[in-house]
$ cat entry32.txt   # compact mmCIF, C-alpha atoms
# COMPACT_ATOMS: atom_id res chain seq x y z
CA MET A 1225 -44.93 -70.40 -2.27
CA ASN A 1226 -46.71 -67.66 -4.17
CA GLU A 1227 -46.02 -66.35 -7.65
CA ILE A 1228 -43.32 -63.86 -6.66
CA PHE A 1229 -41.04 -66.51 -5.21
CA ALA A 1230 -41.71 -68.85 -8.11
CA VAL A 1231 -40.61 -66.07 -10.48
CA ILE A 1232 -37.49 -65.33 -8.39
CA TYR A 1233 -36.24 -68.92 -8.17
CA GLY A 1234 -37.30 -69.72 -11.73
CA GLY A 1235 -35.32 -66.70 -12.84
CA LEU A 1236 -32.32 -68.15 -10.99
CA ILE A 1237 -32.67 -71.38 -13.00
CA VAL A 1238 -32.96 -69.49 -16.30
CA LEU A 1239 -29.98 -67.28 -15.46
CA GLY A 1240 -27.88 -70.33 -14.59
CA ALA A 1241 -28.82 -72.14 -17.80
CA LEU A 1242 -28.11 -69.12 -20.01
CA ALA A 1243 -24.78 -68.47 -18.31
CA THR A 1244 -23.83 -72.13 -18.76
CA MET A 1245 -24.54 -71.92 -22.45
CA VAL A 1246 -22.76 -68.61 -23.00
CA SER A 1247 -19.57 -69.02 -20.96
CA ARG A 1248 -16.57 -70.59 -22.70
CA ASP A 1249 -14.15 -71.48 -19.91
CA PRO A 1250 -14.99 -74.96 -18.49
CA PHE A 1251 -14.57 -73.75 -14.90
CA ASN A 1252 -17.03 -70.92 -15.52
CA LYS A 1253 -19.46 -73.45 -16.99
CA LEU A 1254 -19.26 -75.55 -13.82
CA ILE A 1255 -19.85 -72.50 -11.60
CA SER A 1256 -22.91 -71.54 -13.66
CA LEU A 1257 -24.21 -75.11 -13.35
CA GLY A 1258 -23.96 -74.67 -9.59
CA LEU A 1259 -26.22 -71.62 -10.01
CA LEU A 1260 -28.78 -73.76 -11.88
CA VAL A 1261 -28.77 -76.46 -9.18
CA ALA A 1262 -29.23 -73.74 -6.54
CA GLY A 1263 -32.39 -72.56 -8.27
CA VAL A 1264 -33.93 -76.06 -8.32
CA MET A 1265 -33.70 -76.59 -4.53
CA PRO A 1266 -36.51 -74.27 -3.25
CA PHE A 1267 -39.02 -75.91 -5.59
CA LEU A 1268 -38.17 -79.34 -4.17
CA SER A 1269 -38.53 -77.92 -0.66
CA ASP A 1270 -41.89 -76.37 -1.56
CA ARG A 1271 -43.30 -79.75 -2.63
CA GLY A 1272 -42.05 -81.32 0.60
CA LEU A 1273 -39.54 -83.59 -1.15
CA LEU A 1274 -36.83 -83.14 1.48
CA ASP A 1275 -35.26 -86.56 0.93
CA VAL A 1276 -35.04 -85.93 -2.81
CA LEU A 1277 -33.50 -82.55 -1.99
CA ALA A 1278 -30.80 -84.06 0.22
CA ALA A 1279 -29.99 -86.69 -2.42
CA THR A 1280 -29.83 -84.10 -5.22
CA ALA A 1281 -27.69 -81.78 -3.11
CA LEU A 1282 -25.15 -84.58 -2.60
CA ILE A 1283 -25.22 -85.98 -6.15
CA ALA A 1284 -24.65 -82.62 -7.91
CA PRO A 1285 -21.22 -81.85 -6.29
CA LEU A 1286 -20.11 -85.44 -6.82
CA SER A 1287 -20.83 -85.20 -10.54
CA THR A 1288 -18.95 -81.88 -10.59
CA ILE A 1289 -15.96 -83.63 -9.02
CA PHE A 1290 -16.02 -86.35 -11.68
CA VAL A 1291 -16.13 -83.69 -14.39
CA LEU A 1292 -13.15 -81.97 -12.71
CA MET A 1293 -11.21 -85.25 -12.68
CA ALA A 1294 -11.90 -85.62 -16.39
CA LEU A 1295 -10.90 -81.99 -17.01
CA GLY A 1296 -7.48 -82.56 -15.59
CA ARG A 1297 -5.06 -79.92 -14.56
CA ASP A 1298 -4.28 -78.01 -17.72
CA ALA A 1299 -7.72 -77.29 -19.13
CA ARG A 1300 -7.58 -73.63 -18.20
CA GLU A 1301 -7.74 -70.98 -20.88
CA PRO A 1302 -4.43 -69.10 -21.20
CA MET B 879 -47.66 -56.40 -0.41
CA ILE B 880 -45.80 -54.12 1.94
CA VAL B 881 -42.96 -55.08 4.26
CA ASP B 882 -43.67 -53.32 7.54
CA LEU B 883 -41.00 -51.24 9.16
CA MET B 884 -40.97 -53.26 12.37
CA THR B 885 -39.94 -56.47 10.59
CA LEU B 886 -37.27 -54.64 8.61
CA SER B 887 -35.72 -53.10 11.71
CA ARG B 888 -35.73 -56.49 13.46
CA ILE B 889 -33.94 -57.99 10.45
CA GLY B 890 -31.39 -55.15 10.60
CA VAL B 891 -30.65 -55.71 14.28
CA ALA B 892 -30.37 -59.46 13.63
CA ALA B 893 -27.92 -58.79 10.78
CA ILE B 894 -25.68 -56.74 13.08
CA VAL B 895 -25.76 -59.42 15.80
CA CYS B 896 -24.94 -62.20 13.31
CA TRP B 897 -22.12 -60.15 11.75
CA ILE B 898 -20.48 -59.55 15.13
CA ASN B 899 -20.90 -63.20 16.12
CA PHE B 900 -19.32 -64.81 13.09
CA VAL B 901 -16.55 -62.26 12.50
CA LEU B 902 -15.53 -62.43 16.17
CA ILE B 903 -15.42 -66.24 16.23
CA ASP B 904 -13.60 -66.47 12.90
CA GLN B 905 -10.98 -64.02 14.12
CA ILE B 906 -10.60 -65.84 17.44
CA PHE B 907 -9.95 -69.12 15.62
CA LYS B 908 -7.33 -67.43 13.37
CA LEU B 909 -9.01 -67.94 10.01
CA PRO B 910 -7.19 -64.97 8.38
CA GLU B 911 -3.80 -66.38 9.28
CA LYS B 912 -3.43 -68.85 6.40
CA GLY B 913 -5.48 -70.73 3.85
CA GLY B 914 -6.75 -73.95 5.37
CA VAL B 915 -6.96 -75.78 2.04
CA SER B 916 -5.29 -75.10 -1.30
CA GLY B 917 -8.47 -73.66 -2.81
CA ALA B 918 -8.65 -71.00 -0.08
CA SER B 919 -5.04 -69.96 -0.81
CA ALA B 920 -5.84 -69.68 -4.53
CA ILE B 921 -8.83 -67.41 -3.84
CA ALA B 922 -6.70 -65.27 -1.49
CA ARG B 923 -4.00 -64.89 -4.16
CA GLU B 924 -6.54 -63.80 -6.76
CA ILE B 925 -8.07 -61.29 -4.35
CA GLU B 926 -4.63 -59.88 -3.60
CA ARG B 927 -3.94 -59.62 -7.33
CA GLY B 928 -7.10 -57.54 -7.71
CA ASN B 929 -5.94 -54.89 -5.19
CA GLY B 930 -7.41 -56.65 -2.16
CA SER B 931 -5.62 -57.61 1.04
CA LEU B 932 -4.01 -61.03 1.49
CA HIS B 933 -5.13 -61.84 5.04
CA GLY B 934 -8.70 -60.73 4.38
CA GLY B 935 -8.57 -62.86 1.26
CA TYR B 936 -7.51 -65.86 3.33
CA MET B 937 -10.56 -65.41 5.54
CA MET B 938 -12.88 -65.04 2.54
CA GLY B 939 -11.36 -68.11 0.92
CA ASN B 940 -11.79 -70.11 4.11
CA ILE B 941 -15.44 -69.05 4.32
CA VAL B 942 -15.96 -70.16 0.70
CA SER B 943 -14.23 -73.50 0.86
CA SER B 944 -15.27 -74.96 4.20
CA PRO B 945 -18.25 -74.41 6.52
CA ASP B 946 -16.98 -72.13 9.29
CA ALA B 947 -18.67 -69.89 11.86
CA SER B 948 -20.81 -68.10 9.26
CA ALA B 949 -22.33 -71.39 8.10
CA GLY B 950 -22.70 -72.35 11.75
CA THR B 951 -24.65 -69.17 12.48
CA LEU B 952 -26.95 -69.69 9.48
CA LEU B 953 -27.65 -73.35 10.21
CA ALA B 954 -28.12 -72.66 13.93
CA SER B 955 -30.79 -70.06 13.23
CA CYS B 956 -32.36 -72.48 10.73
CA GLY B 957 -32.38 -75.14 13.43
CA VAL B 958 -33.91 -72.85 16.05
CA TYR B 959 -36.52 -71.80 13.47
CA ALA B 960 -37.50 -75.39 12.69
CA ALA B 961 -37.08 -77.22 16.00
CA GLY B 962 -35.93 -74.97 18.86
CA ILE B 963 -32.76 -75.60 20.90
CA PRO B 964 -32.40 -79.31 19.89
CA GLY B 965 -32.53 -78.24 16.25
CA GLY B 966 -29.62 -75.87 16.80
CA LEU B 967 -27.51 -78.54 18.47
CA PHE B 968 -28.38 -81.00 15.68
CA ALA B 969 -27.17 -78.35 13.22
CA ALA B 970 -23.90 -78.14 15.19
CA VAL B 971 -23.37 -81.88 14.70
CA LEU B 972 -24.06 -81.50 10.96
CA VAL B 973 -21.61 -78.59 10.68
CA TYR B 974 -18.94 -80.69 12.40
CA ILE B 975 -19.52 -83.57 9.94
CA GLY B 976 -19.40 -81.12 7.02
CA ASN B 977 -16.12 -79.70 8.28
CA ARG B 978 -14.62 -83.17 8.46
CA ILE B 979 -15.73 -83.83 4.87
CA CYS B 980 -13.90 -80.66 3.75
CA TYR B 981 -10.62 -81.61 5.56
CA ASP B 982 -10.96 -78.91 8.19
CA PRO B 983 -10.54 -79.30 11.98
CA GLY B 984 -14.00 -77.83 12.50
CA TYR B 985 -13.58 -75.96 15.77
CA ALA B 986 -14.70 -72.59 14.42
CA GLY B 987 -17.87 -73.90 12.80
CA THR B 988 -18.99 -75.93 15.79
CA THR B 989 -18.25 -73.16 18.28
CA GLY B 990 -20.06 -70.59 16.16
CA CYS B 991 -23.04 -72.88 15.76
CA ILE B 992 -23.43 -73.58 19.48
CA SER B 993 -22.99 -69.94 20.50
CA ALA B 994 -25.40 -68.77 17.79
CA THR B 995 -27.98 -71.32 18.96
CA PHE B 996 -28.13 -69.75 22.41
CA ILE B 997 -27.94 -66.19 21.07
CA VAL B 998 -30.85 -66.77 18.68
CA TYR B 999 -32.88 -68.58 21.33
CA GLY B 1000 -32.29 -65.70 23.75
CA PHE B 1001 -33.46 -63.20 21.14
CA THR B 1002 -36.61 -65.20 20.44
CA ARG B 1003 -37.48 -64.81 24.14
CA ILE B 1004 -37.59 -61.01 23.83
CA GLY B 1005 -39.75 -60.66 20.74
CA PHE B 1006 -37.54 -61.50 17.76
CA ALA B 1007 -38.43 -64.31 15.38
CA ALA B 1008 -35.88 -66.92 14.31
CA SER B 1009 -36.68 -66.18 10.65
CA ASP B 1010 -35.32 -62.66 11.20
CA PHE B 1011 -31.97 -64.20 12.03
CA ILE B 1012 -31.93 -66.30 8.86
CA ALA B 1013 -32.49 -63.18 6.74
CA GLY B 1014 -30.03 -61.24 8.91
CA MET B 1015 -27.29 -63.83 8.40
CA VAL B 1016 -27.83 -63.73 4.63
CA ILE B 1017 -27.47 -59.93 4.73
CA ALA B 1018 -24.35 -60.24 6.92
CA ILE B 1019 -22.66 -62.66 4.50
CA LEU B 1020 -23.65 -60.36 1.64
CA THR B 1021 -21.71 -57.49 3.22
CA ILE B 1022 -18.59 -59.64 3.49
CA GLN B 1023 -18.62 -61.64 0.26
CA GLY B 1024 -21.03 -59.93 -2.07
CA ILE B 1025 -20.58 -56.16 -2.23
CA SER B 1026 -16.91 -55.44 -2.93
CA TYR B 1027 -14.07 -57.87 -2.30
CA ILE B 1028 -11.52 -55.02 -2.11
CA HIS B 1029 -13.15 -53.17 0.77
CA ALA B 1030 -14.27 -56.32 2.60
CA SER B 1031 -10.80 -57.88 2.54
CA ARG B 1032 -9.19 -54.66 3.72
CA LEU B 1033 -11.69 -54.39 6.58
CA LEU B 1034 -11.05 -58.00 7.64
CA ALA B 1035 -7.28 -57.48 7.44
CA ARG B 1036 -7.56 -54.41 9.66
CA ILE B 1037 -9.49 -56.40 12.28
CA TRP B 1038 -6.86 -59.15 11.97
CA GLU B 1039 -4.07 -56.65 12.68
CA VAL B 1040 -5.80 -55.67 15.91
CA ARG B 1041 -6.34 -59.34 16.82
CA SER B 1042 -2.75 -60.46 16.13
CA ARG B 1043 -1.09 -57.58 17.94
CA MET C 1187 -47.17 -60.23 4.89
CA ASN C 1188 -45.75 -61.97 7.94
CA GLY C 1189 -42.17 -62.32 9.12
CA GLN C 1190 -41.56 -65.58 7.27
CA GLU C 1191 -42.50 -64.10 3.91
CA ALA C 1192 -40.41 -60.98 4.56
CA ALA C 1193 -37.36 -63.12 5.33
CA LEU C 1194 -38.03 -65.23 2.23
CA LEU C 1195 -38.25 -62.11 0.10
CA VAL C 1196 -34.90 -60.86 1.46
CA CYS C 1197 -33.29 -64.24 0.70
CA GLY C 1198 -34.71 -64.37 -2.83
CA VAL C 1199 -33.69 -60.83 -3.75
CA ILE C 1200 -30.15 -61.40 -2.43
CA ALA C 1201 -29.93 -64.69 -4.36
CA ILE C 1202 -30.87 -62.98 -7.63
CA TYR C 1203 -28.45 -60.10 -6.97
CA ALA C 1204 -25.55 -62.45 -6.22
CA ALA C 1205 -26.38 -64.58 -9.29
CA ILE C 1206 -26.12 -61.51 -11.50
CA ARG C 1207 -22.80 -60.63 -9.85
CA VAL C 1208 -21.55 -64.19 -10.52
CA ILE C 1209 -22.38 -63.85 -14.21
CA LEU C 1210 -20.87 -60.36 -14.57
CA GLU C 1211 -17.59 -61.14 -12.77
CA LYS C 1212 -14.84 -62.12 -15.21
CA ASN C 1213 -12.22 -63.72 -12.97
CA THR C 1214 -12.98 -67.39 -12.18
CA MET C 1215 -11.70 -67.35 -8.61
CA ARG C 1216 -13.49 -64.14 -7.74
CA LYS C 1217 -16.79 -65.69 -8.86
CA LEU C 1218 -16.70 -68.16 -5.97
CA PRO C 1219 -17.54 -65.74 -3.08
CA PHE C 1220 -20.65 -64.64 -4.94
CA LEU C 1221 -21.63 -68.29 -5.50
CA ASN C 1222 -21.20 -68.73 -1.75
CA VAL C 1223 -23.70 -65.92 -1.13
CA VAL C 1224 -26.17 -67.71 -3.44
CA SER C 1225 -25.83 -70.95 -1.51
CA PHE C 1226 -26.31 -69.13 1.82
CA ALA C 1227 -29.52 -67.57 0.54
CA ILE C 1228 -30.81 -70.84 -0.92
CA SER C 1229 -30.14 -72.92 2.18
CA GLY C 1230 -31.88 -70.25 4.25
CA SER C 1231 -34.92 -70.33 2.01
CA ILE C 1232 -35.08 -74.16 2.03
CA VAL C 1233 -35.74 -74.04 5.78
CA LEU C 1234 -37.96 -70.95 5.52
CA ILE C 1235 -40.26 -72.64 2.99
CA THR C 1236 -40.57 -75.92 4.91
CA PRO C 1237 -40.17 -75.61 8.72
CA HIS C 1238 -39.56 -79.27 9.45
CA PRO C 1239 -36.65 -80.92 11.35
CA LEU C 1240 -35.64 -82.87 8.25
CA ALA C 1241 -35.26 -79.55 6.43
CA ILE C 1242 -32.23 -78.79 8.66
CA LEU C 1243 -30.58 -81.97 7.38
CA ALA C 1244 -31.44 -81.09 3.80
CA ALA C 1245 -30.14 -77.52 4.13
CA ALA C 1246 -26.92 -78.72 5.77
CA ALA C 1247 -26.46 -81.31 3.02
CA TYR C 1248 -26.97 -78.68 0.34
CA PHE C 1249 -24.61 -76.23 2.03
CA VAL C 1250 -21.84 -78.77 2.62
CA GLY C 1251 -22.20 -80.04 -0.94
CA SER C 1252 -21.96 -76.52 -2.32
CA THR C 1253 -18.86 -75.62 -0.32
CA PHE C 1254 -17.27 -78.94 -1.27
CA GLU C 1255 -17.93 -78.15 -4.93
CA SER C 1256 -16.34 -74.69 -4.59
CA ASN C 1257 -13.38 -76.23 -2.80
CA ALA C 1258 -12.87 -78.79 -5.57
CA ILE C 1259 -13.16 -76.18 -8.32
CA ALA C 1260 -10.72 -73.83 -6.58
CA SER C 1261 -8.12 -76.49 -5.81
CA THR C 1262 -8.26 -77.94 -9.33
CA TRP C 1263 -7.89 -74.44 -10.76
CA ALA C 1264 -4.93 -73.75 -8.47
CA GLY C 1265 -3.28 -77.03 -9.44
CA GLY C 1266 -2.72 -75.84 -12.99
CA PRO C 1267 0.87 -75.57 -14.17
CA LYS C 1268 0.59 -71.86 -15.02
CA ASN C 1269 -0.14 -70.84 -11.46
CA GLU C 1270 2.76 -72.50 -9.69
$ encode --input "entry32.txt" --output "structure tokens"
Amino acid sequence: MNEIFAVIYGGLIVLGALATMVSRDPFNKLISLGLLVAGVMPFLSDRGLLDVLAATALIAPLSTIFVLMALGRDAREP
Amino acid sequence: MIVDLMTLSRIGVAAIVCWINFVLIDQIFKLPEKGGVSGASAIAREIERGNGSLHGGYMMGNIVSSPDASAGTLLASCGVYAAGIPGGLFAAVLVYIGNRICYDPGYAGTTGCISATFIVYGFTRIGFAASDFIAGMVIAILTIQGISYIHASRLLARIWEVRSR
Amino acid sequence: MNGQEAALLVCGVIAIYAAIRVILEKNTMRKLPFLNVVSFAISGSIVLITPHPLAILAAAAYFVGSTFESNAIASTWAGGPKNE
């Protein structure tokens, strides 16, 4: 991976983190966290850590589902 | 760092082939008819509220919330890129498992994956690279989901009217 | 620049474009198709960076996890009392 791709995927991580901080609706925060996790994956693949990648890719949605269970049904902004 | 014109035109042809493959298989398996899961119906209702079309919205919601023929096409070209024909069939098994996780019957994804495996392998025989098909599938999904949901859902609904006649 | 790098560049540019569209879109449900485009581009680039048979498993795991997450977010959002 050369510098251009590192800048592209690193920019994806930074965009996801900033959007997570800025957004106010909890559902929008979760979607932006998905953006952040998406930016991490190519770096793991570049280092050859494919098993770590598969584990991370399965753990991240499961944690999102637990957060959704804690959010409940009426957490939406009116 | 210059992308040569030959590679770009190969990616364009691959995008058209992938687009035809996954839209045809999704329409054959009646994805625009109804939302398969409740999340797909919610996305379709929001798209209809924003001046889109309901049946096109159902298809976009189904693509979002379970791996269907578009995911099958992407993972089949990934499999052919990494390991040839066995890689594509392994990807078909993985798409079927993923469909079962998302409470979907999984016929559309598996069929799309197997057909795309042989299509991509046939194109690699005549000078295309499998990586062209990965980029082409990303461009094809961009035209459906990423440009404008209004126009994309209306286009899909028009194809669905022809299919359901 | 060979074909693999060209395909990787296409995937990366589309991922950044769709991420910006996700952030700019206001409606929560209409964000999800753009997030789907991001996960398509990322699972393509996972395999493009490392051409190994295990990478297919990793890309499929990432893609299925991402769609499952979108599905859970959409169905929880639709289960709210205001929407029924």
$ interface_residues --input "entry32.txt" --of "chain C" --to "chain B" --cutoff "9 Å" --atoms "all atoms listed in the file" --output "ChimeraX atom specification"
/C:1187-1190,1192-1197,1200,1203-1204,1207,1213,1215-1216,1218-1223,1226-1227,1229-1231,1233-1234,1236-1243,1245-1247,1249-1265
$ atom_distance --input "entry32.txt" --atom1 "CA of His1029 in chain B" --atom2 "CA of Gly935 in chain B"
10.7 Å
$ atom_distance --input "entry32.txt" --atom1 "CA of Glu1211 in chain C" --atom2 "CA of Met937 in chain B"
20.1 Å
$ atom_distance --input "entry32.txt" --atom1 "CA of Tyr1233 in chain A" --atom2 "CA of Ala1030 in chain B"
27.5 Å
$ interface_residues --input "entry32.txt" --of "chain A" --to "chain C" --cutoff "8 Å" --atoms "only C-alpha atoms" --output "ChimeraX atom specification"
/A:1225,1229,1232-1233,1235-1236,1239-1240,1243,1251-1252,1255-1256,1258-1259,1262-1263,1265-1266,1269-1270,1272,1274-1275,1277-1278,1281-1282,1284-1286,1288-1289,1292,1296-1298,1300
$ residues_around --input "entry32.txt" --residues "range 1036-1039 of chain B" --least-positions-apart "5" --cutoff "12 Å" --atoms "only C-alpha atoms" --output "short mmCIF file (atom, residue, chain, number, x, y, z; two decimals) with C-alpha atoms, keeping the file's coordinate frame"
data_model
loop_
_atom_site.label_atom_id
_atom_site.label_comp_id
_atom_site.auth_asym_id
_atom_site.auth_seq_id
_atom_site.Cartn_x
_atom_site.Cartn_y
_atom_site.Cartn_z
CA ILE B 898 -20.48 -59.55 15.13
CA VAL B 901 -16.55 -62.26 12.50
CA LEU B 902 -15.53 -62.43 16.17
CA ILE B 903 -15.42 -66.24 16.23
CA ASP B 904 -13.60 -66.47 12.90
CA GLN B 905 -10.98 -64.02 14.12
CA ILE B 906 -10.60 -65.84 17.44
CA PHE B 907 -9.95 -69.12 15.62
CA LYS B 908 -7.33 -67.43 13.37
CA LEU B 909 -9.01 -67.94 10.01
CA PRO B 910 -7.19 -64.97 8.38
CA GLU B 911 -3.80 -66.38 9.28
CA LYS B 912 -3.43 -68.85 6.40
CA SER B 931 -5.62 -57.61 1.04
CA LEU B 932 -4.01 -61.03 1.49
CA HIS B 933 -5.13 -61.84 5.04
CA GLY B 934 -8.70 -60.73 4.38
CA GLY B 935 -8.57 -62.86 1.26
CA TYR B 936 -7.51 -65.86 3.33
CA MET B 937 -10.56 -65.41 5.54
CA HIS B 1029 -13.15 -53.17 0.77
CA ALA B 1030 -14.27 -56.32 2.60
CA SER B 1031 -10.80 -57.88 2.54
#
$ decode --input "entry32.txt" --residues "range 918-931 of chain B" --atoms "N, CA, C and O atoms" --output "compact mmCIF listing (two decimals), in the first residue's frame"
# COMPACT_ATOMS: atom_id res chain seq x y z
N ALA B 918 -35.88 -3.39 5.43
CA ALA B 918 -36.00 -3.07 4.01
C ALA B 918 -37.28 -2.29 3.74
O ALA B 918 -37.29 -1.33 2.96
N SER B 919 -38.39 -2.67 4.42
CA SER B 919 -39.64 -1.93 4.23
C SER B 919 -39.52 -0.51 4.74
O SER B 919 -40.06 0.43 4.13
N ALA B 920 -38.78 -0.33 5.85
CA ALA B 920 -38.62 1.03 6.39
C ALA B 920 -37.83 1.91 5.42
O ALA B 920 -38.19 3.07 5.18
N ILE B 921 -36.78 1.36 4.83
CA ILE B 921 -35.99 2.13 3.87
C ILE B 921 -36.85 2.48 2.65
O ILE B 921 -36.81 3.60 2.14
N ALA B 922 -37.67 1.51 2.19
CA ALA B 922 -38.52 1.77 1.02
C ALA B 922 -39.53 2.87 1.33
O ALA B 922 -39.79 3.74 0.48
N ARG B 923 -40.08 2.87 2.56
CA ARG B 923 -41.05 3.92 2.90
C ARG B 923 -40.39 5.29 2.93
O ARG B 923 -40.96 6.28 2.47
N GLU B 924 -39.16 5.35 3.46
CA GLU B 924 -38.48 6.65 3.49
C GLU B 924 -38.13 7.13 2.10
O GLU B 924 -38.22 8.32 1.80
N ILE B 925 -37.76 6.19 1.21
CA ILE B 925 -37.45 6.60 -0.17
C ILE B 925 -38.69 7.09 -0.86
O ILE B 925 -38.67 8.07 -1.61
N GLU B 926 -39.84 6.43 -0.59
CA GLU B 926 -41.08 6.88 -1.22
C GLU B 926 -41.47 8.25 -0.68
O GLU B 926 -41.98 9.10 -1.42
N ARG B 927 -41.19 8.50 0.61
CA ARG B 927 -41.53 9.80 1.18
C ARG B 927 -40.67 10.91 0.56
O ARG B 927 -41.11 12.06 0.48
N GLY B 928 -39.48 10.58 0.12
CA GLY B 928 -38.63 11.57 -0.53
C GLY B 928 -38.76 11.57 -2.04
O GLY B 928 -37.77 11.70 -2.74
N ASN B 929 -39.97 11.37 -2.55
CA ASN B 929 -40.27 11.45 -3.99
C ASN B 929 -39.71 10.30 -4.80
O ASN B 929 -39.66 10.39 -6.02
N GLY B 930 -39.27 9.22 -4.16
CA GLY B 930 -38.83 8.07 -4.93
C GLY B 930 -39.98 7.16 -5.29
O GLY B 930 -41.14 7.52 -5.13
N SER B 931 -39.68 5.96 -5.76
CA SER B 931 -40.71 5.00 -6.11
C SER B 931 -40.68 3.84 -5.12
O SER B 931 -39.60 3.45 -4.65
